[in-house]
Amino acid sequence: MSQNISSSKQNATGFRVSQPGLLTLIQYAGRFGHHRIGLTTGGPLDMQAYKWANRLLGNQPGCTALEIRIGGLVLSAEVDSWIVLTGAEMPLKINGKE
């Protein structure tokens with residue numbers, strides 16, 4: 001059985017997670033006004049870094065972002081992508097290069 005690799009690439013939508021990393025979370029700006037029902041505001045640990053990341057990428061305020069707290073995340077981009085690293089200093093490799 002043969003597989004058409006180009007057709008599977010056409011269906012790609014973003015990133016493939018090879019290794020999730022410890023405490024890598026999908027974050028958004030948080031939810032407000034729900035404390036009365038027991039929900040915390042939530043949101044990113046470093047709100048300033050989160051806002052800068054969206055601004056640098058030209059995203060609308062409040063777009064989701066990956067928050068990497070400890071490291072170990074390994075992603076493969078399946079489509080042309082832009083990334084930005086904000087917040088605490090941590091190692092980053094793209095295609096094996098720092």
# chains A, B, ... in the order shown; residues from 1 in each chain; ligands from 1
>>> select_by_dssp(residues="chain A", states="alpha helix (DSSP H)", output="list in words")
Ile5, Ser6, Ser7, Ser8, Lys9, Gln10, Met47, Gln48, Ala49, Tyr50, Lys51, Trp52, Ala53, Asn54, Arg55, Leu56 and Leu57 of chain A
>>> select_by_dssp(residues="chain A", states="strand (DSSP E)", output="ChimeraX atom specification")
/A:15-19,22-27,65-71,74-77
>>> write_last_selection(atoms="N, CA and C atoms", output="compact mmCIF listing (two decimals), in the first residue's frame")
# COMPACT_ATOMS: atom_id res chain seq x y z
N PHE A 15 1.27 22.28 14.47
CA PHE A 15 2.43 21.62 15.07
C PHE A 15 2.10 20.19 15.46
N ARG A 16 3.08 19.32 15.30
CA ARG A 16 2.98 17.95 15.81
C ARG A 16 3.79 17.91 17.11
N VAL A 17 3.20 17.42 18.16
CA VAL A 17 3.86 17.33 19.46
C VAL A 17 4.61 16.01 19.54
N SER A 18 5.96 16.08 19.58
CA SER A 18 6.77 14.88 19.71
C SER A 18 7.02 14.57 21.18
N GLN A 19 7.17 15.62 21.98
CA GLN A 19 7.40 15.48 23.41
C GLN A 19 6.70 16.67 24.08
N LEU A 22 7.26 19.01 30.50
CA LEU A 22 6.59 19.05 31.80
C LEU A 22 5.97 20.42 32.02
N LEU A 23 4.69 20.46 32.30
CA LEU A 23 3.94 21.69 32.56
C LEU A 23 3.91 22.67 31.39
N THR A 24 3.83 22.15 30.17
CA THR A 24 3.56 23.00 29.02
C THR A 24 2.05 23.12 28.91
N LEU A 25 1.55 24.35 28.95
CA LEU A 25 0.11 24.58 28.98
C LEU A 25 -0.30 25.51 27.84
N ILE A 26 -1.50 25.32 27.33
CA ILE A 26 -2.09 26.26 26.39
C ILE A 26 -2.78 27.33 27.23
N GLN A 27 -2.39 28.58 27.03
CA GLN A 27 -2.93 29.67 27.83
C GLN A 27 -3.62 30.70 26.96
N ALA A 65 -1.55 30.87 23.55
CA ALA A 65 -0.09 30.74 23.48
C ALA A 65 0.32 29.52 24.28
N LEU A 66 1.49 29.01 23.99
CA LEU A 66 2.03 27.92 24.80
C LEU A 66 2.87 28.51 25.92
N GLU A 67 2.59 28.10 27.13
CA GLU A 67 3.37 28.51 28.29
C GLU A 67 4.22 27.30 28.69
N ILE A 68 5.54 27.48 28.60
CA ILE A 68 6.48 26.38 28.88
C ILE A 68 7.15 26.69 30.21
N ARG A 69 6.79 25.95 31.25
CA ARG A 69 7.28 26.28 32.59
C ARG A 69 8.60 25.60 32.92
N ILE A 70 8.79 24.37 32.52
CA ILE A 70 10.00 23.64 32.90
C ILE A 70 10.87 23.31 31.69
N GLY A 71 10.28 23.09 30.56
CA GLY A 71 11.04 22.77 29.36
C GLY A 71 10.75 21.37 28.88
N VAL A 74 9.01 19.46 22.56
CA VAL A 74 9.55 19.24 21.22
C VAL A 74 8.38 19.25 20.25
N LEU A 75 8.42 20.20 19.32
CA LEU A 75 7.37 20.34 18.31
C LEU A 75 7.97 20.23 16.91
N SER A 76 7.17 19.78 15.98
CA SER A 76 7.54 19.81 14.57
C SER A 76 6.49 20.65 13.85
N ALA A 77 6.93 21.70 13.17
CA ALA A 77 6.01 22.55 12.41
C ALA A 77 5.62 21.82 11.14
>>> closest_residue(among="A:Gly14, A:Gly96, A:Pro61, A:Gly33", to="Ser81 in chain A", atoms="only C-alpha atoms")
A:Gly14
>>> residues_around(residues="Lys51 in chain A", least_positions_apart="5", cutoff="10 Å", atoms="only C-alpha atoms", output="JSON, numbers by chain")
{"A": [28, 29, 44, 46, 56, 59, 60, 61, 62, 63, 65, 86]}
>>> write_last_selection(atoms="N, CA and C atoms", output="PDB file, in the first residue's frame")
ATOM      1  N   TYR A  28      -4.567  31.387  27.538  1.00  0.00           N
ATOM      2  CA  TYR A  28      -5.189  32.548  26.919  1.00  0.00           C
ATOM      3  C   TYR A  28      -5.293  33.609  28.007  1.00  0.00           C
ATOM      4  N   ALA A  29      -5.870  34.736  27.718  1.00  0.00           N
ATOM      5  CA  ALA A  29      -5.832  35.881  28.636  1.00  0.00           C
ATOM      6  C   ALA A  29      -6.506  35.635  29.982  1.00  0.00           C
ATOM      7  N   PRO A  44      -2.077  33.197  31.877  1.00  0.00           N
ATOM      8  CA  PRO A  44      -0.640  32.918  31.911  1.00  0.00           C
ATOM      9  C   PRO A  44       0.009  33.360  33.222  1.00  0.00           C
ATOM     10  N   ASP A  46       3.027  34.702  33.398  1.00  0.00           N
ATOM     11  CA  ASP A  46       3.684  35.978  33.115  1.00  0.00           C
ATOM     12  C   ASP A  46       2.844  36.726  32.076  1.00  0.00           C
ATOM     13  N   LEU A  56       4.066  40.873  19.270  1.00  0.00           N
ATOM     14  CA  LEU A  56       5.167  40.679  18.324  1.00  0.00           C
ATOM     15  C   LEU A  56       4.748  39.842  17.119  1.00  0.00           C
ATOM     16  N   ASN A  59      -0.789  39.081  16.542  1.00  0.00           N
ATOM     17  CA  ASN A  59      -2.048  38.430  16.916  1.00  0.00           C
ATOM     18  C   ASN A  59      -2.971  39.413  17.621  1.00  0.00           C
ATOM     19  N   GLN A  60      -4.233  39.084  17.650  1.00  0.00           N
ATOM     20  CA  GLN A  60      -5.191  39.838  18.447  1.00  0.00           C
ATOM     21  C   GLN A  60      -4.887  39.596  19.931  1.00  0.00           C
ATOM     22  N   PRO A  61      -5.141  40.583  20.797  1.00  0.00           N
ATOM     23  CA  PRO A  61      -4.971  40.343  22.238  1.00  0.00           C
ATOM     24  C   PRO A  61      -5.856  39.176  22.665  1.00  0.00           C
ATOM     25  N   GLY A  62      -5.321  38.319  23.499  1.00  0.00           N
ATOM     26  CA  GLY A  62      -6.102  37.199  24.004  1.00  0.00           C
ATOM     27  C   GLY A  62      -5.942  35.907  23.226  1.00  0.00           C
ATOM     28  N   CYS A  63      -5.191  35.915  22.116  1.00  0.00           N
ATOM     29  CA  CYS A  63      -4.963  34.670  21.375  1.00  0.00           C
ATOM     30  C   CYS A  63      -4.217  33.666  22.256  1.00  0.00           C
ATOM     31  N   ALA A  65      -1.548  30.871  23.548  1.00  0.00           N
ATOM     32  CA  ALA A  65      -0.090  30.744  23.476  1.00  0.00           C
ATOM     33  C   ALA A  65       0.317  29.521  24.280  1.00  0.00           C
ATOM     34  N   THR A  86       9.231  34.708  24.671  1.00  0.00           N
ATOM     35  CA  THR A  86       9.229  35.835  25.597  1.00  0.00           C
ATOM     36  C   THR A  86       9.257  35.289  27.016  1.00  0.00           C
TER      37      THR A  86
END
>>> closest_residue(among="A:Leu85, A:Glu98, A:Thr64, A:Ala12", to="Ala49 in chain A", atoms="only C-alpha atoms")
A:Leu85
>>> atom_distance(atom1="CA of Gly72 in chain A", atom2="CA of Leu92 in chain A")
10.0 Å
>>> atom_distance(atom1="CA of Gly21 in chain A", atom2="CA of Asn54 in chain A")
21.7 Å
>>> atom_distance(atom1="CA of Glu89 in chain A", atom2="CA of Gly58 in chain A")
21.9 Å
